[in-house]
$ cat entry_2.txt   # compact mmCIF, N, CA and C atoms
# COMPACT_ATOMS: atom_id res chain seq x y z
N MET J 1 102.38 135.09 141.86
CA MET J 1 103.31 134.18 141.22
C MET J 1 103.96 133.26 142.25
N GLU J 2 104.22 133.79 143.43
CA GLU J 2 104.85 132.98 144.47
C GLU J 2 103.92 131.85 144.94
N ILE J 3 102.62 132.10 144.94
CA ILE J 3 101.67 131.06 145.34
C ILE J 3 101.69 129.92 144.34
N LEU J 4 101.73 130.26 143.05
CA LEU J 4 101.79 129.23 142.01
C LEU J 4 103.07 128.41 142.13
N ARG J 5 104.19 129.09 142.40
CA ARG J 5 105.46 128.37 142.57
C ARG J 5 105.39 127.45 143.78
N SER J 6 104.78 127.89 144.85
CA SER J 6 104.64 127.06 146.04
C SER J 6 103.77 125.84 145.77
N VAL J 7 102.74 125.99 144.96
CA VAL J 7 101.89 124.85 144.60
C VAL J 7 102.69 123.85 143.76
N VAL J 8 103.52 124.36 142.84
CA VAL J 8 104.34 123.47 142.02
C VAL J 8 105.36 122.73 142.90
N VAL J 9 105.94 123.40 143.88
CA VAL J 9 106.86 122.74 144.81
C VAL J 9 106.13 121.63 145.57
N LEU J 10 104.93 121.91 146.01
CA LEU J 10 104.14 120.91 146.73
C LEU J 10 103.86 119.70 145.84
N VAL J 11 103.44 119.93 144.62
CA VAL J 11 103.16 118.82 143.70
C VAL J 11 104.44 118.03 143.41
N HIS J 12 105.57 118.73 143.30
CA HIS J 12 106.86 118.08 143.09
C HIS J 12 107.19 117.12 144.24
N LEU J 13 107.03 117.59 145.44
CA LEU J 13 107.31 116.74 146.61
C LEU J 13 106.29 115.61 146.74
N VAL J 14 105.05 115.88 146.38
CA VAL J 14 104.02 114.82 146.41
C VAL J 14 104.36 113.74 145.39
N GLY J 15 104.89 114.13 144.24
CA GLY J 15 105.32 113.15 143.24
C GLY J 15 106.37 112.21 143.81
N PHE J 16 107.36 112.77 144.51
CA PHE J 16 108.37 111.92 145.14
C PHE J 16 107.76 111.08 146.25
N ALA J 17 106.82 111.64 146.98
CA ALA J 17 106.17 110.88 148.06
C ALA J 17 105.40 109.69 147.49
N ILE J 18 104.71 109.90 146.37
CA ILE J 18 103.97 108.80 145.75
C ILE J 18 104.94 107.73 145.26
N LEU J 19 106.02 108.14 144.61
CA LEU J 19 107.02 107.18 144.12
C LEU J 19 107.62 106.38 145.27
N PHE J 20 108.03 107.08 146.32
CA PHE J 20 108.63 106.39 147.45
C PHE J 20 107.60 105.53 148.18
N GLY J 21 106.38 106.03 148.31
CA GLY J 21 105.32 105.26 148.97
C GLY J 21 104.99 103.99 148.21
N ALA J 22 104.90 104.07 146.88
CA ALA J 22 104.63 102.88 146.08
C ALA J 22 105.77 101.88 146.21
N TRP J 23 106.99 102.38 146.27
CA TRP J 23 108.15 101.50 146.44
C TRP J 23 108.12 100.83 147.82
N VAL J 24 107.79 101.58 148.86
CA VAL J 24 107.74 101.03 150.21
C VAL J 24 106.65 99.96 150.31
N VAL J 25 105.51 100.20 149.68
CA VAL J 25 104.43 99.20 149.69
C VAL J 25 104.92 97.89 149.10
N GLU J 26 105.62 97.96 147.99
CA GLU J 26 106.13 96.74 147.35
C GLU J 26 107.23 96.10 148.21
N ALA J 27 108.07 96.90 148.82
CA ALA J 27 109.16 96.36 149.65
C ALA J 27 108.61 95.68 150.90
N VAL J 28 107.62 96.29 151.55
CA VAL J 28 107.05 95.71 152.76
C VAL J 28 106.31 94.41 152.44
N ALA J 29 105.65 94.38 151.28
CA ALA J 29 104.92 93.17 150.88
C ALA J 29 105.87 92.11 150.31
N ARG J 30 107.16 92.42 150.25
CA ARG J 30 108.18 91.52 149.72
C ARG J 30 107.90 91.13 148.26
N ARG J 31 107.34 92.10 147.54
CA ARG J 31 107.15 91.94 146.10
C ARG J 31 108.17 92.83 145.42
N VAL J 32 109.09 92.23 144.75
CA VAL J 32 110.13 92.99 144.05
C VAL J 32 109.62 93.25 142.64
N ARG J 33 108.92 94.40 142.48
CA ARG J 33 108.38 94.73 141.17
C ARG J 33 108.20 96.23 141.03
N VAL J 34 108.07 96.64 139.78
CA VAL J 34 107.83 98.03 139.44
C VAL J 34 106.36 98.15 139.05
N THR J 35 105.68 99.16 139.59
CA THR J 35 104.26 99.33 139.31
C THR J 35 104.05 100.56 138.42
N PRO J 36 102.91 100.63 137.74
CA PRO J 36 102.61 101.82 136.94
C PRO J 36 102.53 103.10 137.77
N VAL J 37 102.13 102.98 139.03
CA VAL J 37 102.07 104.16 139.90
C VAL J 37 103.45 104.79 140.04
N MET J 38 104.48 103.98 140.11
CA MET J 38 105.84 104.50 140.20
C MET J 38 106.19 105.30 138.95
N ASN J 39 105.80 104.80 137.80
CA ASN J 39 106.08 105.51 136.54
C ASN J 39 105.34 106.84 136.48
N TYR J 40 104.07 106.86 136.89
CA TYR J 40 103.29 108.11 136.89
C TYR J 40 103.89 109.12 137.86
N ALA J 41 104.30 108.66 139.02
CA ALA J 41 104.90 109.56 140.01
C ALA J 41 106.21 110.14 139.50
N LEU J 42 106.97 109.33 138.78
CA LEU J 42 108.22 109.82 138.21
C LEU J 42 107.95 110.93 137.19
N VAL J 43 106.93 110.76 136.37
CA VAL J 43 106.57 111.79 135.39
C VAL J 43 106.14 113.07 136.10
N ILE J 44 105.35 112.93 137.15
CA ILE J 44 104.92 114.11 137.93
C ILE J 44 106.14 114.84 138.47
N SER J 45 107.07 114.11 139.04
CA SER J 45 108.27 114.73 139.60
C SER J 45 109.12 115.39 138.53
N LEU J 46 109.23 114.74 137.38
CA LEU J 46 110.04 115.31 136.29
C LEU J 46 109.42 116.59 135.75
N VAL J 47 108.14 116.57 135.46
CA VAL J 47 107.48 117.75 134.87
C VAL J 47 107.50 118.93 135.85
N THR J 48 107.18 118.68 137.10
CA THR J 48 107.19 119.77 138.07
C THR J 48 108.61 120.25 138.36
N GLY J 49 109.56 119.33 138.34
CA GLY J 49 110.96 119.73 138.54
C GLY J 49 111.46 120.62 137.41
N LEU J 50 111.08 120.28 136.19
CA LEU J 50 111.46 121.14 135.06
C LEU J 50 110.78 122.50 135.15
N ALA J 51 109.54 122.52 135.61
CA ALA J 51 108.84 123.80 135.79
C ALA J 51 109.53 124.63 136.87
N LEU J 52 109.99 123.99 137.91
CA LEU J 52 110.67 124.72 138.99
C LEU J 52 112.04 125.23 138.58
N SER J 53 112.66 124.60 137.59
CA SER J 53 113.99 125.03 137.18
C SER J 53 113.94 126.25 136.27
N ALA J 54 112.75 126.65 135.87
CA ALA J 54 112.60 127.88 135.08
C ALA J 54 112.60 129.08 136.02
N PRO J 55 113.19 130.18 135.58
CA PRO J 55 113.16 131.38 136.44
C PRO J 55 111.75 131.93 136.54
N TRP J 56 111.27 132.09 137.77
CA TRP J 56 109.91 132.56 138.04
C TRP J 56 109.92 133.99 138.55
N GLY J 57 110.84 134.80 138.08
CA GLY J 57 110.91 136.16 138.59
C GLY J 57 111.46 136.19 140.01
N LEU J 58 112.37 135.26 140.29
CA LEU J 58 112.93 135.16 141.64
C LEU J 58 113.92 136.30 141.87
N ASP J 59 114.08 136.65 143.12
CA ASP J 59 115.05 137.68 143.47
C ASP J 59 116.43 137.11 143.74
N HIS J 60 116.59 135.80 143.59
CA HIS J 60 117.89 135.15 143.78
C HIS J 60 118.16 134.22 142.62
N ASP J 61 119.44 133.84 142.47
CA ASP J 61 119.82 132.94 141.38
C ASP J 61 119.43 131.52 141.69
N LEU J 62 119.18 130.76 140.63
CA LEU J 62 118.88 129.34 140.81
C LEU J 62 120.16 128.57 141.06
N ASN J 63 120.05 127.48 141.81
CA ASN J 63 121.20 126.63 142.11
C ASN J 63 121.28 125.55 141.02
N TYR J 64 122.03 125.85 139.96
CA TYR J 64 122.08 124.96 138.81
C TYR J 64 122.79 123.64 139.11
N ALA J 65 123.71 123.64 140.05
CA ALA J 65 124.35 122.38 140.45
C ALA J 65 123.32 121.43 141.07
N LYS J 66 122.50 121.96 141.94
CA LYS J 66 121.44 121.16 142.58
C LYS J 66 120.45 120.66 141.53
N ILE J 67 120.04 121.53 140.63
CA ILE J 67 119.09 121.14 139.59
C ILE J 67 119.68 120.04 138.72
N GLY J 68 120.95 120.18 138.34
CA GLY J 68 121.60 119.18 137.50
C GLY J 68 121.73 117.83 138.19
N ILE J 69 122.14 117.84 139.45
CA ILE J 69 122.30 116.58 140.19
C ILE J 69 120.95 115.91 140.38
N LYS J 70 119.93 116.68 140.75
CA LYS J 70 118.59 116.09 140.91
C LYS J 70 118.06 115.52 139.60
N LEU J 71 118.34 116.19 138.48
CA LEU J 71 117.91 115.69 137.19
C LEU J 71 118.63 114.38 136.83
N VAL J 72 119.92 114.31 137.09
CA VAL J 72 120.67 113.07 136.81
C VAL J 72 120.13 111.92 137.66
N VAL J 73 119.88 112.17 138.94
CA VAL J 73 119.34 111.12 139.81
C VAL J 73 117.96 110.70 139.32
N LEU J 74 117.15 111.64 138.89
CA LEU J 74 115.81 111.32 138.38
C LEU J 74 115.90 110.50 137.09
N ILE J 75 116.85 110.81 136.23
CA ILE J 75 117.04 110.04 135.00
C ILE J 75 117.47 108.62 135.33
N VAL J 76 118.35 108.45 136.32
CA VAL J 76 118.77 107.11 136.73
C VAL J 76 117.59 106.33 137.29
N ILE J 77 116.75 106.98 138.09
CA ILE J 77 115.55 106.32 138.62
C ILE J 77 114.65 105.90 137.46
N GLY J 78 114.47 106.78 136.49
CA GLY J 78 113.66 106.46 135.32
C GLY J 78 114.22 105.29 134.54
N ALA J 79 115.54 105.25 134.40
CA ALA J 79 116.18 104.13 133.70
C ALA J 79 115.95 102.83 134.46
N LEU J 80 116.09 102.87 135.77
CA LEU J 80 115.85 101.66 136.57
C LEU J 80 114.39 101.21 136.48
N LEU J 81 113.47 102.17 136.49
CA LEU J 81 112.05 101.81 136.35
C LEU J 81 111.78 101.21 134.97
N GLY J 82 112.38 101.77 133.94
CA GLY J 82 112.21 101.24 132.60
C GLY J 82 112.79 99.85 132.45
N ILE J 83 114.00 99.66 132.95
CA ILE J 83 114.64 98.34 132.90
C ILE J 83 113.83 97.35 133.71
N GLY J 84 113.37 97.78 134.88
CA GLY J 84 112.57 96.88 135.73
C GLY J 84 111.27 96.47 135.07
N SER J 85 110.59 97.43 134.43
CA SER J 85 109.34 97.11 133.74
C SER J 85 109.58 96.15 132.58
N ALA J 86 110.62 96.39 131.81
CA ALA J 86 110.91 95.52 130.66
C ALA J 86 111.29 94.11 131.11
N ARG J 87 112.11 94.01 132.13
CA ARG J 87 112.51 92.67 132.60
C ARG J 87 111.34 91.91 133.20
N ARG J 88 110.48 92.64 133.89
CA ARG J 88 109.32 91.99 134.49
C ARG J 88 108.38 91.46 133.40
N LYS J 89 108.20 92.22 132.33
CA LYS J 89 107.37 91.76 131.22
C LYS J 89 108.00 90.57 130.51
N ARG J 90 109.32 90.59 130.35
CA ARG J 90 110.01 89.55 129.61
C ARG J 90 110.16 88.26 130.42
N THR J 91 110.60 88.37 131.66
CA THR J 91 110.89 87.18 132.45
C THR J 91 109.90 86.93 133.57
N GLY J 92 109.15 87.92 133.96
CA GLY J 92 108.20 87.77 135.06
C GLY J 92 108.80 88.05 136.42
N THR J 93 110.10 88.28 136.49
CA THR J 93 110.75 88.58 137.76
C THR J 93 111.61 89.83 137.61
N LEU J 94 111.98 90.39 138.75
CA LEU J 94 112.83 91.58 138.78
C LEU J 94 113.94 91.35 139.79
N SER J 95 115.13 91.72 139.42
CA SER J 95 116.28 91.56 140.31
C SER J 95 116.22 92.58 141.44
N PRO J 96 116.53 92.13 142.66
CA PRO J 96 116.61 93.10 143.77
C PRO J 96 117.67 94.17 143.54
N ALA J 97 118.66 93.88 142.71
CA ALA J 97 119.70 94.86 142.40
C ALA J 97 119.14 96.04 141.60
N ILE J 98 118.00 95.88 140.99
CA ILE J 98 117.33 96.99 140.30
C ILE J 98 116.28 97.61 141.20
N PHE J 99 115.58 96.79 141.97
CA PHE J 99 114.49 97.28 142.81
C PHE J 99 114.97 98.17 143.95
N TRP J 100 115.95 97.74 144.71
CA TRP J 100 116.37 98.49 145.90
C TRP J 100 116.96 99.87 145.60
N PRO J 101 117.76 100.03 144.55
CA PRO J 101 118.26 101.39 144.26
C PRO J 101 117.17 102.39 143.90
N ILE J 102 116.04 101.92 143.40
CA ILE J 102 114.94 102.84 143.08
C ILE J 102 114.51 103.58 144.34
N GLY J 103 114.28 102.87 145.42
CA GLY J 103 113.87 103.51 146.67
C GLY J 103 114.96 104.37 147.27
N ILE J 104 116.18 103.88 147.24
CA ILE J 104 117.30 104.62 147.82
C ILE J 104 117.52 105.93 147.07
N LEU J 105 117.50 105.87 145.74
CA LEU J 105 117.71 107.09 144.94
C LEU J 105 116.53 108.06 145.06
N THR J 106 115.32 107.53 145.20
CA THR J 106 114.16 108.40 145.40
C THR J 106 114.28 109.15 146.72
N LEU J 107 114.66 108.46 147.76
CA LEU J 107 114.86 109.10 149.05
C LEU J 107 116.00 110.11 148.98
N LEU J 108 117.06 109.78 148.27
CA LEU J 108 118.17 110.70 148.09
C LEU J 108 117.72 111.97 147.37
N ASN J 109 116.94 111.81 146.32
CA ASN J 109 116.49 112.96 145.55
C ASN J 109 115.56 113.87 146.36
N ALA J 110 114.67 113.28 147.12
CA ALA J 110 113.81 114.07 147.99
C ALA J 110 114.64 114.76 149.08
N GLY J 111 115.63 114.07 149.59
CA GLY J 111 116.53 114.66 150.59
C GLY J 111 117.30 115.83 150.03
N LEU J 112 117.76 115.71 148.79
CA LEU J 112 118.46 116.83 148.15
C LEU J 112 117.55 118.04 148.02
N ALA J 113 116.30 117.79 147.69
CA ALA J 113 115.34 118.90 147.54
C ALA J 113 115.13 119.63 148.85
N VAL J 114 115.10 118.92 149.95
CA VAL J 114 114.79 119.52 151.23
C VAL J 114 116.03 120.10 151.92
N VAL J 115 117.13 119.38 151.88
CA VAL J 115 118.30 119.75 152.67
C VAL J 115 119.19 120.77 151.97
N TRP J 116 119.39 120.60 150.67
CA TRP J 116 120.32 121.45 149.93
C TRP J 116 119.65 122.77 149.58
N HIS J 117 120.14 123.86 150.13
CA HIS J 117 119.54 125.18 149.87
C HIS J 117 120.39 125.97 148.94
$ encode --input "entry_2.txt" --output "structure tokens"
Amino acid sequence: MEILRSVVVLVHLVGFAILFGAWVVEAVARRVRVTPVMNYALVISLVTGLALSAPWGLDHDLNYAKIGIKLVVLIVIGALLGIGSARRKRTGTLSPAIFWPIGILTLLNAGLAVVWH
């Protein structure tokens, strides 16, 4: 069971890596836009995060404060991605005020996963 949980943790972190990597690619190319890869990575992170928040027969209690904060940050990232996709379809452009927080919050969420024990 512990091996399966470790694989889910790995996929969870890879989801954040894909989201952050896709964001960095767009930022370095000076293209302020949301890509479908970002949306897929967000779904991967959400599904695996929900799987990790279930008790897996652990010998210790889950940190519900950490889980709640990470979920709220993930929902905000999802909202920004949704708003960014809709605005890009409607107007063809995306505001940097929506684009930059996506990367910052993604890095924050990955940092919370690694640093907060």
$ residues_around --input "entry_2.txt" --residues "Lys66 (chain J)" --least-positions-apart "3" --cutoff "8 Å" --atoms "all atoms listed in the file" --output "VMD selection string"
chain J and resid 62 to 63 69 to 72 112 to 113 116
$ closest_residue --input "entry_2.txt" --among "J:Ile18, J:Leu105, J:Leu42, J:Val28" --to "Gly82 (chain J)" --atoms "only C-alpha atoms"
J:Leu42
$ atom_distance --input "entry_2.txt" --atom1 "atom C of Gly92 (chain J)" --atom2 "CA of Arg33 (chain J)"
8.2 Å
$ closest_residue --input "entry_2.txt" --among "J:Ala17, J:Val11, J:Gly49, J:Leu94" --to "Leu107 (chain J)" --atoms "only C-alpha atoms"
J:Ala17
$ atom_distance --input "entry_2.txt" --atom1 "CA of Ala41 (chain J)" --atom2 "CA of Val25 (chain J)"
14.2 Å
$ residues_around --input "entry_2.txt" --residues "Ile67 (chain J)" --least-positions-apart "6" --cutoff "12 Å" --atoms "only C-alpha atoms" --output "list in words"
Leu46, Gly49, Leu50, Ala51, Leu52, Ser53, Ala54, Asp61, Val73, Leu74, Asn109, Leu112, Ala113, Trp116 and His117 of chain J
$ select_by_dssp --input "entry_2.txt" --residues "region 44-73 of chain J" --states "helix (DSSP H, G or I)" --output "mmCIF file with N, CA and C atoms, in the coordinates of the input"
data_model
loop_
_atom_site.group_PDB
_atom_site.id
_atom_site.type_symbol
_atom_site.label_atom_id
_atom_site.label_comp_id
_atom_site.auth_asym_id
_atom_site.auth_seq_id
_atom_site.Cartn_x
_atom_site.Cartn_y
_atom_site.Cartn_z
ATOM 1 N N ILE J 44 105.350 112.930 137.150
ATOM 2 C CA ILE J 44 104.920 114.110 137.930
ATOM 3 C C ILE J 44 106.140 114.840 138.470
ATOM 4 N N SER J 45 107.070 114.110 139.040
ATOM 5 C CA SER J 45 108.270 114.730 139.600
ATOM 6 C C SER J 45 109.120 115.390 138.530
ATOM 7 N N LEU J 46 109.230 114.740 137.380
ATOM 8 C CA LEU J 46 110.040 115.310 136.290
ATOM 9 C C LEU J 46 109.420 116.590 135.750
ATOM 10 N N VAL J 47 108.140 116.570 135.460
ATOM 11 C CA VAL J 47 107.480 117.750 134.870
ATOM 12 C C VAL J 47 107.500 118.930 135.850
ATOM 13 N N THR J 48 107.180 118.680 137.100
ATOM 14 C CA THR J 48 107.190 119.770 138.070
ATOM 15 C C THR J 48 108.610 120.250 138.360
ATOM 16 N N GLY J 49 109.560 119.330 138.340
ATOM 17 C CA GLY J 49 110.960 119.730 138.540
ATOM 18 C C GLY J 49 111.460 120.620 137.410
ATOM 19 N N LEU J 50 111.080 120.280 136.190
ATOM 20 C CA LEU J 50 111.460 121.140 135.060
ATOM 21 C C LEU J 50 110.780 122.500 135.150
ATOM 22 N N ALA J 51 109.540 122.520 135.610
ATOM 23 C CA ALA J 51 108.840 123.800 135.790
ATOM 24 C C ALA J 51 109.530 124.630 136.870
ATOM 25 N N LEU J 52 109.990 123.990 137.910
ATOM 26 C CA LEU J 52 110.670 124.720 138.990
ATOM 27 C C LEU J 52 112.040 125.230 138.580
ATOM 28 N N TYR J 64 122.030 125.850 139.960
ATOM 29 C CA TYR J 64 122.080 124.960 138.810
ATOM 30 C C TYR J 64 122.790 123.640 139.110
ATOM 31 N N ALA J 65 123.710 123.640 140.050
ATOM 32 C CA ALA J 65 124.350 122.380 140.450
ATOM 33 C C ALA J 65 123.320 121.430 141.070
ATOM 34 N N LYS J 66 122.500 121.960 141.940
ATOM 35 C CA LYS J 66 121.440 121.160 142.580
ATOM 36 C C LYS J 66 120.450 120.660 141.530
ATOM 37 N N ILE J 67 120.040 121.530 140.630
ATOM 38 C CA ILE J 67 119.090 121.140 139.590
ATOM 39 C C ILE J 67 119.680 120.040 138.720
ATOM 40 N N GLY J 68 120.950 120.180 138.340
ATOM 41 C CA GLY J 68 121.600 119.180 137.500
ATOM 42 C C GLY J 68 121.730 117.830 138.190
ATOM 43 N N ILE J 69 122.140 117.840 139.450
ATOM 44 C CA ILE J 69 122.300 116.580 140.190
ATOM 45 C C ILE J 69 120.950 115.910 140.380
ATOM 46 N N LYS J 70 119.930 116.680 140.750
ATOM 47 C CA LYS J 70 118.590 116.090 140.910
ATOM 48 C C LYS J 70 118.060 115.520 139.600
ATOM 49 N N LEU J 71 118.340 116.190 138.480
ATOM 50 C CA LEU J 71 117.910 115.690 137.190
ATOM 51 C C LEU J 71 118.630 114.380 136.830
ATOM 52 N N VAL J 72 119.920 114.310 137.090
ATOM 53 C CA VAL J 72 120.670 113.070 136.810
ATOM 54 C C VAL J 72 120.130 111.920 137.660
ATOM 55 N N VAL J 73 119.880 112.170 138.940
ATOM 56 C CA VAL J 73 119.340 111.120 139.810
ATOM 57 C C VAL J 73 117.960 110.700 139.320
#
$ closest_residue --input "entry_2.txt" --among "J:Leu80, J:Val114, J:Leu10, J:Ile104" --to "Val34 (chain J)" --atoms "all atoms listed in the file"
J:Leu80
$ atom_distance --input "entry_2.txt" --atom1 "CA of Ile44 (chain J)" --atom2 "CA of Thr93 (chain J)"
26.2 Å
